[in-house]
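Visitor: Would you mind keeping the following structure in view while I ask a few things?
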Amino acid sequence: AAAAAAAARDARAAARAVAAAVTSSLSFLHRELRDLRRDVANAGVLALEPLARGVGGARYARERFAARFGAPTRDELEDAFREEGAINVPGACEGVKDALPRTRAWITRGLSRAHALDASLAAATAAASTPLPMRTGGRSSAADAAADADDDDRRRIASSWTPAMPVSPRGLLRVALALLVSKCSRLSEESLPETLEFDGDRITAAQEAFQKITVMCACVSIANDAKANAKSHAPSLESLRRRLDALLNDGGVRLADLALELATFTTPSPATAEDGTSSVAASAAAHEASLRRLTSEDDPDAVGLREAVRDALCARLLLGPDAAAAAAARVSGFGVSRDVDALAREIALGIGRVTWDVHASYYKALTIGILAEEDEL
C-alpha cells in the first residue's frame with residue numbers, strides 16, 4: 001500500500017513537471033513566433049521601402065488621393081497644361097478648386113506675404129543658386145570617403161530643396177507652410193488642408209518649435225533691455241541662451257521659471273528690500289509680466305517678434321539649404337539662427353518635399369488659378 005501511495009505521488013509530481021515543461025515550452029514557442037512575425041513584417045516593410053520612397057510610392061498616393069477627394073488626376077492636369085498652355089487652364093483649375101477648398105484657402109492666404117517677400121528675396125534667390133564646390137586632392141582615403149558621403153548628402157538635400165521665387169507654385173507652398181507653422185492656435189484635423197491630411201503631428205511639432213524660438217527671442221529682448229539699463233556689466237548673453245535653451249527643452253517649463261532665470265541674469269547685485277522681498281524676486285515678477293505680454297497674440301511687440309521669426313523662416317525655406325546668412329539677418333541679435341535653420345530643414349524635407357512630390361500638380365493648378373483671379377481684380 002505504501003509503495004502504491006509513493007508511486008501515485010511520483011506520478012502526480014511527474015505530471016506537474018510535465019505540465020510545467022509543456023507550458024514553458026509553449027510560452028517560449030509563442031514568443032519566438034511573435035518575434036518571427038515581427039521580423040517577417042519588418043523585412044516586408046524594408047522590401048517595400050524603395051517603392052514607397054520612389055516614383056511608384058508617390059504615384060500610388062496621388063491616385064488614392066484623387067479618388068478619395070474626387071480631384072482631377074495628375075495625368076488629366078498635365079494633359080490640360082499641354083493642350084491649353086500653363087496660363088489658360090480654367091477647367092482644370094476649377095476642378096482642383098472645387099475638390100480641395102481648404103488647400104486653396106490655405107495657399108491663397110500666403111499670396112500677400114509671397115508678394116511682400118518677392119522683391120526683397122529676388123537677388124538672394126539668384127545668389128543661392130550656385131553649384132556645390134568641387135573637391136581637390138590632398139586628403140586621405142578615409143577623409144575622401146567621409147567627404148564623398150557629406151557631398152552626397154548635400155546633393156540629395158539640394159535636389160529636393162531648391163531655391164524658389166515666392167510667387168511660384170513651389171515658393172507659395174513654402175510661404176504657406178511657414179504661415180501655417182507660425183499660427184498661435186493648434187490646427188484641428190478638420191481644418192487641415194486636404195493635401196496635408198497626414199501631416200498633423202509634424203505640423204504640431206513644427207508649431208511647438210516655432211513657439212520655442214519666439215519665446216527665446218522674447219527672453220533675449222528682455223535681457224537686452226535690462227542689460228542696457230543696468231549700471232553694472234551683465235554676463236554674456238550666450239551663457240543666458242544656453243541656460244534658457246535647457247529650460248525650454250523641458251516640457252514642464254513655465255514662464256515663471258524663465259522669468260526667474262532672466263532675473264538671476266539681469267540683477268547685477270541682488271539685495272533685500274525693507275519689506276523682505278529680494279531684488280531678484282521683484283525682477284522675476286516684472287520679467288514674467290513682460291514675457292506674458294511678448295508671448296500674447298495681440299500685443300504689437302509680440303506680433304513683431306513672431307513676424308520677424310516667420311519672415312526668417314520664409315527666407316530660409318525659399319532660399320534653400322545653402323543660404324543661411326540671408327535668413328539669419330532677419331533675426332540677428334536674438335541668437336536663434338541655428339534654431340530657424342533646423343526648423344526650416346524639418347519643414348522643407350519632412351513636410352514640403354513629400355507634399356510637393358505627391359501633390360505638385362495640384363499646387364501648380366491652384367497657383368495658376370489664384371494668380372489669374374488676382375489679375376482679374
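Chain lettering (A, B, ...) mirrors the order of the C-alpha cells, residue numbering begins at 1 for each chain separately, and ligand numbering begins at 1 in order of display.
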What are the nearest atom pairs, with distances in Å to one decimal, for all residues of region 244-310 of chain A that come at most 10 Å from region 182-195 of chain A, using only C-alpha atoms, set out by chain and rising residue number as CSV?

Guide:
residue,atom,partner,partner_atom,distance
A:Thr295,CA,A:Cys184,CA,9.6
A:Ser296,CA,A:Cys184,CA,9.0
A:Glu297,CA,A:Cys184,CA,7.1
A:Arg306,CA,A:Ser182,CA,7.3
A:Glu307,CA,A:Ser182,CA,8.4
A:Val309,CA,A:Ser182,CA,8.5
A:Arg310,CA,A:Ser182,CA,6.3

Visitor: Report as an mmCIF file with C-alpha atoms, in the first residue's frame all protein, DNA and RNA residues lying within 9 Å of Trp356 (chain A), evaluated on only C-alpha atoms, omitting residues in the same chain fewer than 6 positions from it.

Guide:
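Full text of result_28.cif as output:
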data_model
loop_
_atom_site.group_PDB
_atom_site.id
_atom_site.type_symbol
_atom_site.label_atom_id
_atom_site.label_comp_id
_atom_site.auth_asym_id
_atom_site.auth_seq_id
_atom_site.Cartn_x
_atom_site.Cartn_y
_atom_site.Cartn_z
ATOM 1 C CA ARG A 170 6.786 75.798 -55.105
ATOM 2 C CA LEU A 173 3.703 76.369 -50.919
ATOM 3 C CA TYR A 363 -0.295 73.261 -56.183
#

Visitor: Need to verify the contact set: region 330-335 of chain A, 10 Å, only C-alpha atoms, exclusion of same-chain residues closer than 3 positions in sequence. Can you return it as a list in words?

Guide: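 Using only C-alpha atoms, the neighbours found are Ile213, Thr214, Met216, Cys217, Ala218, Cys219, Val220, Ser221, Asn224, Leu237, Glu238, Arg241, Leu305, Glu307, Ala308, Val309, Arg310, Asp311, Ala312, Leu313, Ala315, Ala325, Ala326, Ala327, Arg338, Asp339 and Val340 of chain A.
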
Visitor: Could you give me, as a ChimeraX atom specification, each residue of region 257-358 of chain A that DSSP assigns to alpha helix (DSSP H) when run on this structure's backbone?

Guide: /A:257-266,279-294,300-319,324-328,337-345,353-358

Visitor: Contacts of Val354 (chain A) at 10 Å or less, counting only C-alpha atoms, minus same-chain residues fewer than 2 places along, as a ChimeraX atom specification?

Guide: /A:53,58,160,196,199,348-352,356-360

Visitor: Please, what distance in Å, to one decimal, runs between CA of Asp79 (chain A) and CA of Ala365 (chain A)?

Guide: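 Rounded to one decimal, the two atoms are 12.2 Å apart.
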
Visitor: Choose the residue, out of A:Pro163, A:Lys227, A:Phe265, A:Val215, that has the smallest atom-to-atom separation from Arg243 (chain A); count only C-alpha atoms.

Guide: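 The answer is A:Phe265, which sits nearest to Arg243 (chain A).
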
Visitor: Ile222 (chain A): which residues within 8 Å, counting only C-alpha atoms, same-chain residues fewer than 4 positions away excluded, as a ChimeraX atom specification?

Guide: /A:218,226,287,290-291
